[in-house]
>>> print(open('structure.cif').read())   # mmCIF, C-alpha atoms and all ligand atoms
data_data
#
loop_
_atom_site.label_atom_id
_atom_site.label_comp_id
_atom_site.auth_asym_id
_atom_site.auth_seq_id
_atom_site.Cartn_x
_atom_site.Cartn_y
_atom_site.Cartn_z
CA MET A 1 46.66 -8.79 6.86
CA LYS A 2 43.74 -10.42 5.04
CA LEU A 3 41.68 -10.80 8.17
CA PRO A 4 40.27 -7.27 8.50
CA ILE A 5 39.07 -7.38 4.92
CA ALA A 6 37.28 -10.67 5.51
CA ALA A 7 35.71 -9.27 8.69
CA ALA A 8 34.56 -6.21 6.82
CA ALA A 9 32.99 -8.36 4.14
CA VAL A 10 31.09 -10.38 6.73
CA THR A 11 29.88 -7.20 8.43
CA LEU A 12 28.71 -5.78 5.13
CA ALA A 13 26.87 -8.96 4.27
CA LEU A 14 25.13 -8.94 7.66
CA PHE A 15 23.94 -5.39 7.32
CA ALA A 16 23.00 -5.67 3.68
CA ALA A 17 20.84 -8.78 4.08
CA PRO A 18 17.62 -7.24 5.48
CA ALA A 19 17.61 -4.72 2.66
CA PHE A 20 16.51 -7.44 0.27
CA ALA A 21 13.20 -7.83 2.05
CA GLN A 22 11.78 -4.34 2.41
CA ASP A 23 13.90 -1.28 2.06
CA ILE A 24 12.26 1.74 3.67
CA ALA A 25 15.03 4.08 2.50
CA ALA A 26 14.48 2.96 -1.08
CA GLY A 27 10.76 3.37 -0.48
CA GLU A 28 11.32 6.94 0.59
CA ARG A 29 13.16 7.65 -2.67
CA SER A 30 10.26 6.15 -4.56
CA TRP A 31 7.87 8.37 -2.57
CA ASN A 32 9.49 11.34 -4.30
CA LYS A 33 7.36 10.36 -7.31
CA CYS A 34 4.21 10.99 -5.28
CA ARG A 35 5.13 14.12 -3.35
CA ALA A 36 4.06 16.61 -5.96
CA CYS A 37 0.47 15.54 -5.29
CA HIS A 38 0.34 13.69 -1.93
CA GLN A 39 1.44 14.44 1.63
CA LEU A 40 2.27 12.30 4.65
CA GLY A 41 2.96 13.06 8.28
CA GLU A 42 1.35 14.94 11.17
CA ASN A 43 0.90 18.14 9.18
CA ALA A 44 -0.20 16.46 5.98
CA LYS A 45 -2.84 18.28 3.99
CA ASN A 46 -4.76 17.34 0.92
CA GLY A 47 -3.11 18.64 -2.22
CA VAL A 48 -3.70 17.67 -5.80
CA GLY A 49 -4.42 14.25 -4.27
CA PRO A 50 -5.63 13.24 -0.78
CA HIS A 51 -3.14 12.81 2.07
CA LEU A 52 -1.97 9.22 2.42
CA ASN A 53 -1.75 8.82 6.22
CA GLY A 54 -3.04 5.46 7.40
CA LEU A 55 -3.64 4.37 3.82
CA PHE A 56 -3.65 0.64 4.49
CA GLY A 57 -7.06 -0.23 5.90
CA ARG A 58 -8.57 2.93 4.46
CA HIS A 59 -11.50 2.76 2.06
CA THR A 60 -11.38 4.54 -1.32
CA GLY A 61 -12.64 8.07 -1.13
CA GLU A 62 -12.49 8.22 2.66
CA VAL A 63 -10.39 11.32 3.31
CA GLU A 64 -12.57 14.15 4.59
CA GLY A 65 -12.41 17.43 2.78
CA TYR A 66 -10.90 15.98 -0.36
CA SER A 67 -12.90 16.19 -3.55
CA TYR A 68 -12.54 12.78 -5.15
CA SER A 69 -13.63 11.82 -8.63
CA ASN A 70 -16.75 9.68 -8.77
CA ALA A 71 -14.56 6.89 -10.14
CA ASN A 72 -12.32 6.86 -7.08
CA LYS A 73 -15.16 7.34 -4.62
CA GLY A 74 -17.20 4.60 -6.25
CA ALA A 75 -14.35 2.10 -6.61
CA ASN A 76 -15.36 0.42 -3.35
CA ILE A 77 -11.86 -0.75 -2.51
CA THR A 78 -10.26 -1.18 0.88
CA TRP A 79 -6.58 -0.49 0.51
CA ASP A 80 -4.39 -3.42 1.41
CA GLU A 81 -0.98 -4.40 0.07
CA ALA A 82 -2.25 -6.51 -2.80
CA VAL A 83 -4.78 -3.97 -4.05
CA PHE A 84 -2.31 -1.13 -3.68
CA ALA A 85 0.32 -3.05 -5.69
CA GLU A 86 -2.15 -3.63 -8.47
CA TYR A 87 -3.31 -0.01 -8.42
CA ILE A 88 0.08 1.64 -8.39
CA LYS A 89 1.26 -0.44 -11.37
CA ASP A 90 -1.39 1.18 -13.50
CA PRO A 91 -3.85 3.43 -11.65
CA ARG A 92 -6.14 3.97 -14.61
CA ALA A 93 -6.45 0.24 -15.25
CA LYS A 94 -7.45 -0.48 -11.64
CA ILE A 95 -9.73 2.56 -11.28
CA PRO A 96 -10.87 3.64 -14.75
CA GLY A 97 -11.70 7.33 -14.72
CA THR A 98 -9.43 8.23 -11.80
CA LYS A 99 -8.09 11.76 -11.90
CA MET A 100 -4.73 10.58 -10.61
CA VAL A 101 -2.40 11.20 -13.52
CA PHE A 102 0.45 8.83 -12.87
CA ALA A 103 2.05 6.39 -15.27
CA GLY A 104 2.57 3.76 -12.59
CA ILE A 105 5.45 1.83 -11.03
CA LYS A 106 6.11 -1.47 -12.77
CA ASN A 107 8.91 -2.81 -10.59
CA ASP A 108 7.66 -5.18 -7.86
CA LYS A 109 10.61 -4.52 -5.57
CA GLU A 110 10.03 -0.77 -5.78
CA ILE A 111 6.35 -1.28 -4.95
CA THR A 112 7.28 -3.43 -1.92
CA ASP A 113 9.70 -0.77 -0.70
CA LEU A 114 7.22 2.05 -1.25
CA THR A 115 4.57 0.04 0.61
CA ALA A 116 6.92 -0.40 3.58
CA PHE A 117 7.59 3.34 3.59
CA LEU A 118 3.89 4.29 3.42
CA LYS A 119 2.93 1.78 6.12
CA GLN A 120 4.96 3.66 8.69
CA PHE A 121 2.41 6.45 8.83
CA GLY A 122 -0.64 5.89 11.01
CA LYS A 123 -4.01 7.62 10.65
CA ASP A 124 -2.77 10.56 12.72
CA GLY A 125 0.31 10.89 10.52
CA LYS A 126 2.64 9.71 13.28
CA LYS A 127 5.15 7.03 12.49
CA MET A 128 4.02 3.77 14.06
C1 LIG B 1 0.09 14.19 -10.56
C2 LIG B 1 -0.45 13.99 -9.26
C3 LIG B 1 -0.33 12.64 -8.61
C4 LIG B 1 0.78 11.86 -8.45
C5 LIG B 1 2.19 12.10 -8.97
C6 LIG B 1 0.37 10.73 -7.65
N1 LIG B 1 -0.96 10.81 -7.34
FE1 LIG B 1 -2.06 9.50 -6.22
N2 LIG B 1 -3.73 10.60 -6.54
C7 LIG B 1 -3.78 11.79 -7.24
C8 LIG B 1 -5.14 12.25 -7.32
C9 LIG B 1 -5.63 13.52 -8.00
C10 LIG B 1 -5.93 11.29 -6.62
C11 LIG B 1 -7.44 11.27 -6.43
C12 LIG B 1 -8.02 10.40 -7.53
C13 LIG B 1 -9.49 10.58 -7.79
O1 LIG B 1 -10.22 11.17 -6.99
O2 LIG B 1 -9.91 10.12 -8.88
C14 LIG B 1 -4.99 10.26 -6.16
C15 LIG B 1 -5.37 9.13 -5.44
C16 LIG B 1 -4.49 8.21 -4.90
C17 LIG B 1 -4.87 7.09 -4.07
C18 LIG B 1 -6.28 6.74 -3.64
C19 LIG B 1 -6.54 7.41 -2.31
C20 LIG B 1 -7.89 7.19 -1.69
O3 LIG B 1 -8.12 7.78 -0.63
O4 LIG B 1 -8.73 6.46 -2.24
C21 LIG B 1 -3.71 6.46 -3.73
C22 LIG B 1 -3.58 5.22 -2.86
C23 LIG B 1 -2.62 7.16 -4.35
N3 LIG B 1 -3.13 8.22 -5.06
C24 LIG B 1 -1.29 6.84 -4.21
C25 LIG B 1 -0.25 7.45 -4.90
C26 LIG B 1 1.14 7.06 -4.79
C27 LIG B 1 1.68 6.02 -3.83
C28 LIG B 1 1.85 7.85 -5.67
C29 LIG B 1 3.33 7.81 -5.99
C30 LIG B 1 3.88 6.54 -6.38
C31 LIG B 1 0.89 8.75 -6.30
N4 LIG B 1 -0.36 8.47 -5.81
C32 LIG B 1 1.22 9.71 -7.24
C33 LIG B 1 -2.71 12.46 -7.79
C34 LIG B 1 -1.43 11.97 -7.89
#
>>> encode(input="structure.cif", output="structure tokens", more="lines below")
Ligand code: HEC
Amino acid sequence: MKLPIAAAAVTLALFAAPAFAQDIAAGERSWNKCRACHQLGENAKNGVGPHLNGLFGRHTGEVEGYSYSNANKGANITWDEAVFAEYIKDPRAKIPGTKMVFAGIKNDKEITDLTAFLKQFGKDGKKM
């Protein structure tokens, strides 16, 4: 009678393991912190902040039709994972004068998950 329980435990362990690396579902929950100001996806528009499609590889201030602060436009940053992690921990420390009012995410695992979630969206807003 103990066997099915053991099998279930093994199955659980197998499915749970990849979640330690990058958890897109957790990243999506974290994205809820951004949604008041940012959009993603094929119909994404600029809101309080610019849309975030194809963020990684993008240059600061690159989204057409969005009115950036001079601080953001002049930051001269190309968004990659390392720069994004630094920025999202404390946006105003990384880009002094940014008009993004956001306290930051301090937890490295949450940042990794959020990064994995954001990376799904290509420049055209389609999931890659
Ligand atoms: C209260 C509104 C608000 C929230 C919440 C917010 N942002 Fe922003 N964000 C902005 C604004 C406004 C800008 C434009 C900054 C500027 O021009 O100075 C911005 C800019 C950015 C940029 C730079 C974009 C570029 O094209 O250079 C990134 C990246 C970004 N936000 C990511 C995020 C992420 C990820 C979250 C959630 C964890 C988030 N933001 C939460 C308002 C917000």
>>> residues_around(input="structure.cif", residues="Lys126 in chain A", least_positions_apart="4", cutoff="8 Å", atoms="only C-alpha atoms", output="PyMOL selection string")
chain A and resi 41-42+120-122
>>> write_last_selection(input="structure.cif", atoms="C-alpha atoms", output="PDB file, keeping the file's coordinate frame")
ATOM      1  CA  GLY A  41       2.960  13.060   8.280  1.00  0.00           C
ATOM      2  CA  GLU A  42       1.350  14.940  11.170  1.00  0.00           C
ATOM      3  CA  GLN A 120       4.960   3.660   8.690  1.00  0.00           C
ATOM      4  CA  PHE A 121       2.410   6.450   8.830  1.00  0.00           C
ATOM      5  CA  GLY A 122      -0.640   5.890  11.010  1.00  0.00           C
TER       6      GLY A 122
END
>>> residues_around(input="structure.cif", residues="range 44-61 of chain A", least_positions_apart="5", cutoff="8 Å", atoms="only C-alpha atoms", output="JSON, numbers by chain")
{"A": [36, 37, 38, 39, 66, 68, 72, 73, 74, 75, 76, 77, 78, 79, 80, 81, 100, 118, 119, 121, 122, 123, 124, 125]}
>>> atom_distance(input="structure.cif", atom1="CA of Arg29 in chain A", atom2="atom C27 of ligand LIG 1 (chain B)")
11.7 Å
>>> atom_distance(input="structure.cif", atom1="atom C30 of ligand LIG 1 (chain B)", atom2="CA of Ala26 in chain A")
12.4 Å
>>> closest_residue(input="structure.cif", among="A:Ile88, A:Leu40, A:Leu114, A:Cys34", to="ligand LIG 1 (chain B)", atoms="only C-alpha atoms and all ligand atoms")
A:Cys34
>>> residues_around(input="structure.cif", residues="Asp23 in chain A", least_positions_apart="4", cutoff="10 Å", atoms="only C-alpha atoms", output="number ranges by chain")
A: 18-19, 27-28, 109-110, 112-117
>>> atom_distance(input="structure.cif", atom1="atom N4 of ligand LIG 1 (chain B)", atom2="CA of Phe84 in chain A")
10.0 Å
>>> residues_around(input="structure.cif", residues="Thr98 in chain A", least_positions_apart="4", cutoff="8 Å", atoms="all atoms listed in the file", output="PDB file with C-alpha atoms, in the coordinates of the input")
ATOM      1  CA  SER A  69     -13.630  11.820  -8.630  1.00  0.00           C
ATOM      2  CA  ALA A  71     -14.560   6.890 -10.140  1.00  0.00           C
ATOM      3  CA  ASN A  72     -12.320   6.860  -7.080  1.00  0.00           C
ATOM      4  CA  PRO A  91      -3.850   3.430 -11.650  1.00  0.00           C
ATOM      5  CA  ARG A  92      -6.140   3.970 -14.610  1.00  0.00           C
TER       6      ARG A  92
END
>>> closest_residue(input="structure.cif", among="A:Asn43, A:Ser30, A:Gln22, A:Asn107", to="ligand LIG 1 (chain B)", atoms="only C-alpha atoms and all ligand atoms")
A:Ser30
>>> closest_residue(input="structure.cif", among="A:Lys106, A:Lys33, A:Lys94, A:Lys127", to="ligand LIG 1 (chain B)", atoms="all atoms listed in the file")
A:Lys33
>>> closest_residue(input="structure.cif", among="A:Asp90, A:Val83, A:Ile24, A:Lys99", to="ligand LIG 1 (chain B)", atoms="only C-alpha atoms and all ligand atoms")
A:Lys99
>>> axis_aligned_box(input="structure.cif", around="ligand LIG 1 (chain B)", padding_each_side="4 Å", output="lines of an AutoDock Vina configuration file")
center_x = -3.2
center_y = 9.7
center_z = -5.6
size_x = 22.1
size_y = 17.0
size_z = 17.9
>>> closest_residue(input="structure.cif", among="A:Ile95, A:Val101, A:Ile111, A:Ala21", to="ligand LIG 1 (chain B)", atoms="all atoms listed in the file")
A:Val101
>>> closest_residue(input="structure.cif", among="A:Asn70, A:Met128, A:Ala82, A:Ala25", to="ligand LIG 1 (chain B)", atoms="only C-alpha atoms and all ligand atoms")
A:Asn70
